[in-house]
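Notes follow once the structure below has been shown.
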Amino acid sequence: MLRLFNKIRKIGVVTEPVMPGRDPAFEEIGEQLHARVGELFSGSLAIREVDAGSCNGCELEVHALNNPYYGIERFGVHFVASPRHADMLLVTGPVSKHMEAALKRTYDATPDPKLVLAMGDCGADGGEFGCSYASCGGVSKVIPVDGVVRGCPPTPLELMKAILALIEKRQGG
Amino acid sequence: MSAFDWLPELLERFKADYVLIHEDAAVTTVGRARVLELDAEDWGRAAGVAAKFNLRWAGGWADQLTDQLGGDKLQINACLLHQGDVLLLRTRVPVTTPVLPSHTLHYPGADRMERHTQDMYGVVFSDHPDPRRWARHHAWGENEYPLRAEFPRMGTRGDMPARTDDNYRFLQAQGAGLYEIPVGPVHAGIIEPGHFRFTAVGEQVLNLEQRLGYVHKGIEKIAVGRDAVGAARLAGRVSGDSTVAFTWAACMAMEQAAGVEVPLRANYLRAIMAERERVANHLGDIGAICNDVGFAFAFYQFSRLREDWQRLSREVFGHRLLMDCVVPGGVARDIDAAAVAQLRAAFAPMKREMRELMPILYDNPSLEDRLITTGFLSESLARLLGATGYVGKASNCDLDARRDLAYSPYDRFKIKVHVFQDGDVLARMRVRADEILISLDLIDELLAGLPNGDVRAEWPMPAAGSEGLGIVEGWRGETLVYVRFAEDGKIARLFARDPSWFTWPALEQLIHGNIVPDFPVCNKSVNGSYSGHDL
């Protein structure tokens, strides 16, 4: 047990802002995100992630948002287990035909008003998998989409910027 | 030990069991695999002989051959491995009556792959014990076969939405106190979609049945007609966490077909990336396994290390997950001396971190309580199902393609393989921890001995009909890709076999007798790929 506490003490806090010079852009985006989530969502933005045929690359980068470097929860953004608790759906993959119905049902189960962010080149337009007998070719072919973040996969920072841009757009509209 | 010194004896046994090997066909090879052609009616018996001879079944797929290669035939392949040698059994059946015996009776691990072939090509495995559909939900009809040549890429239903997979016949159980728990396809966490059907009594799992295929996106169909570069990109997205492994296996197969000699420096760089992929995923998994039993300390420590690791990958190779860094003929870009130094500088700190963190994990009584004896997989089951990678190694299956097949550049190094006999979640975590240390050493040796020279060979036009079979040791285990080229250097057939085909069924077995709340940690300890399996 002593070793455990010693390790925690030694590593300290690696969370991005306290390491000056490492990525100033990140801190700025984080602060803006925090402020907007505070104004628009009473300090708490709940996201339900849905893999609709992704290769799992995007999921790895969504996971990264929860690692201690990004720690997105401190900006008021958290990932929830049920669409019924969600303000936003984050959808990855070209939407395989086999996930089409499940995605629609997840969308229907999410209370209004809701936002949908399509993630990755696949989510945008089918990406590498395009459109086929097995692939719908993008999230917007199946449910209404409010924002898109491209990349294969987008980096955690790009993803965070996209979440910010989407809720700002909503404020504007 | 000379290569294939066991083959004459196997051929004798085939003869004794009346399995006729077509000896008139010239001795052919696909890459390093020796091809044995036989009659369709002998297909099942051949598997029986091979299983008794302890050959390991490593994959099965079909391929439609047109015109000059033999008319309207479906060629059925089964890949078998033994003592570092690769054997490819082959037979042909007419497209009009594609019926042959199954391998599943002798190799249970062949079950789902044969059902995949059944759904995708309409092949009937006559004595298959479980011919329910597998890859097919309701995106295409019962009498349609997406990989047949005549099936259009866009399908036959236009934009018609597909029904949910609502009438799949799960195993039913009845009795007092028994109940079913359906889970998925959309899971509670940030993970891939699939359906699990538990039959439980109280907290105990009596049976688990998996229903996969939700992320089937037609990879095999859309590979057709791609050039080598496009096929490599697609292979890199079969399973995003194994992008280096799949791209390397696909490129290896295509390079065999095209007769390309990859520069040694490129192979070193491929190996460095493959080992980096292994370390990154193992780091993530160790943290996630601990997180599934509520030990947040490990989750944060290991996700921190993983992030450091991915950032360095991006700096040096240009991508956090190393996508598209391996290309046909070599690698996309070279690294300079400064980058080599940067990569080598990461060695000591990571090793120190591992040496500090793992004893903390191994000493923790709560972790011990949750991980030891949980999700036990016996060696005999692991072998029966053909499990490789950390699942196999944790159950005493001493298999590693880097050592056993000794492909370049691993033929120049001594590859350490750690196996355990416990077969539980802890053993699967320990394999990963040990492999991180082994890979760190290996990366350092590779960097120290990095030869000079080109990193990409010219890409020639592969001959029509040329084939290749790439096998590499990905972080999940043995990863296999088969390719055949058509005219114009375009892909005619690409089959990618993730190691998860054999470890998903292992999860169904190792969960028996465990409690439902231990399923997440058992599942994470296996960490099968949905995308890599669904294709």
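By convention in this document, the chains of the structure tokens carry letters A, B, ... by their order, each chain's residues are numbered from 1, and ligands are numbered from 1 in the order they are shown.
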
Considering only C-alpha atoms, extract the chain A residues located within 6 Å of chain B and return them as a PyMOL selection string.
chain A and resi 51+53+55-57+67+81+96-99+101+132-135

Sorted by chain and rising residue number, which residues of stretch 19-130 of chain A lie within 8 Å of stretch 140-154 of chain A, and what are their closest atom pairs and distances in Å to one decimal, counting only C-alpha atoms, as CSV?
residue,atom,partner,partner_atom,distance
A:Gly57,CA,A:Pro153,CA,6.0
A:Cys58,CA,A:Pro153,CA,5.1
A:Glu61,CA,A:Pro153,CA,7.3
A:Val95,CA,A:Val142,CA,7.8
A:Glu100,CA,A:Val142,CA,6.9
A:Leu103,CA,A:Val142,CA,7.9
A:Lys104,CA,A:Ile143,CA,6.6
A:Tyr107,CA,A:Ile143,CA,7.4
A:Leu115,CA,A:Asp146,CA,6.1
A:Val116,CA,A:Val145,CA,5.1
A:Leu117,CA,A:Gly147,CA,4.8
A:Ala118,CA,A:Val148,CA,4.7
A:Met119,CA,A:Val149,CA,5.1
A:Gly120,CA,A:Arg150,CA,4.4
A:Asp121,CA,A:Arg150,CA,4.8
A:Gly123,CA,A:Val148,CA,7.7
A:Ala124,CA,A:Val148,CA,6.1

Which residues come within 7 Å of B:Ala394, counting only C-alpha atoms, excluding same-chain residues fewer than 3 positions away, as number ranges by chain?
B: 390-391, 419-423, 427-428, 431

Output N, CA, C and O atoms of each residue in that selection to a file, as a PDB file, in the first residue's frame.
ATOM      1  N   TYR B 390      -2.305 -13.421 -26.126  1.00  0.00           N
ATOM      2  CA  TYR B 390      -2.290 -13.502 -24.664  1.00  0.00           C
ATOM      3  C   TYR B 390      -3.301 -14.494 -24.127  1.00  0.00           C
ATOM      4  O   TYR B 390      -3.118 -15.045 -23.055  1.00  0.00           O
ATOM      5  N   VAL B 391      -4.394 -14.747 -24.851  1.00  0.00           N
ATOM      6  CA  VAL B 391      -5.378 -15.721 -24.380  1.00  0.00           C
ATOM      7  C   VAL B 391      -4.762 -17.120 -24.408  1.00  0.00           C
ATOM      8  O   VAL B 391      -4.846 -17.876 -23.436  1.00  0.00           O
ATOM      9  N   VAL B 419       4.755 -17.896 -21.158  1.00  0.00           N
ATOM     10  CA  VAL B 419       3.446 -18.533 -21.045  1.00  0.00           C
ATOM     11  C   VAL B 419       3.161 -18.842 -19.576  1.00  0.00           C
ATOM     12  O   VAL B 419       4.079 -18.954 -18.766  1.00  0.00           O
ATOM     13  N   PHE B 420       1.884 -18.926 -19.255  1.00  0.00           N
ATOM     14  CA  PHE B 420       1.451 -19.248 -17.896  1.00  0.00           C
ATOM     15  C   PHE B 420       0.487 -20.425 -17.955  1.00  0.00           C
ATOM     16  O   PHE B 420      -0.124 -20.680 -18.996  1.00  0.00           O
ATOM     17  N   GLN B 421       0.365 -21.125 -16.823  1.00  0.00           N
ATOM     18  CA  GLN B 421      -0.533 -22.274 -16.819  1.00  0.00           C
ATOM     19  C   GLN B 421      -1.860 -21.978 -16.132  1.00  0.00           C
ATOM     20  O   GLN B 421      -2.777 -22.784 -16.202  1.00  0.00           O
ATOM     21  N   ASP B 422      -1.971 -20.806 -15.498  1.00  0.00           N
ATOM     22  CA  ASP B 422      -3.152 -20.521 -14.684  1.00  0.00           C
ATOM     23  C   ASP B 422      -4.429 -20.321 -15.491  1.00  0.00           C
ATOM     24  O   ASP B 422      -5.508 -20.651 -15.036  1.00  0.00           O
ATOM     25  N   GLY B 423      -4.319 -19.727 -16.682  1.00  0.00           N
ATOM     26  CA  GLY B 423      -5.486 -19.570 -17.549  1.00  0.00           C
ATOM     27  C   GLY B 423      -6.553 -18.630 -17.033  1.00  0.00           C
ATOM     28  O   GLY B 423      -7.678 -18.628 -17.540  1.00  0.00           O
ATOM     29  N   ALA B 427      -3.557 -14.201 -15.254  1.00  0.00           N
ATOM     30  CA  ALA B 427      -2.536 -14.708 -16.185  1.00  0.00           C
ATOM     31  C   ALA B 427      -2.574 -13.933 -17.497  1.00  0.00           C
ATOM     32  O   ALA B 427      -1.533 -13.606 -18.069  1.00  0.00           O
ATOM     33  N   ARG B 428      -3.796 -13.619 -17.961  1.00  0.00           N
ATOM     34  CA  ARG B 428      -3.882 -12.868 -19.222  1.00  0.00           C
ATOM     35  C   ARG B 428      -3.337 -11.445 -19.035  1.00  0.00           C
ATOM     36  O   ARG B 428      -2.806 -10.848 -19.967  1.00  0.00           O
ATOM     37  N   VAL B 431       0.630 -11.898 -18.917  1.00  0.00           N
ATOM     38  CA  VAL B 431       1.229 -12.058 -20.248  1.00  0.00           C
ATOM     39  C   VAL B 431       1.450 -10.678 -20.859  1.00  0.00           C
ATOM     40  O   VAL B 431       2.520 -10.374 -21.394  1.00  0.00           O
TER      41      VAL B 431
END

For B:Val95, the closest of B:Glu487, B:Asp72, B:Asp398, B:Glu41 counting only C-alpha atoms is B:Asp72

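Going from atom CA of B:Tyr482 to atom CA of B:Glu23 covers 23.9 Å.
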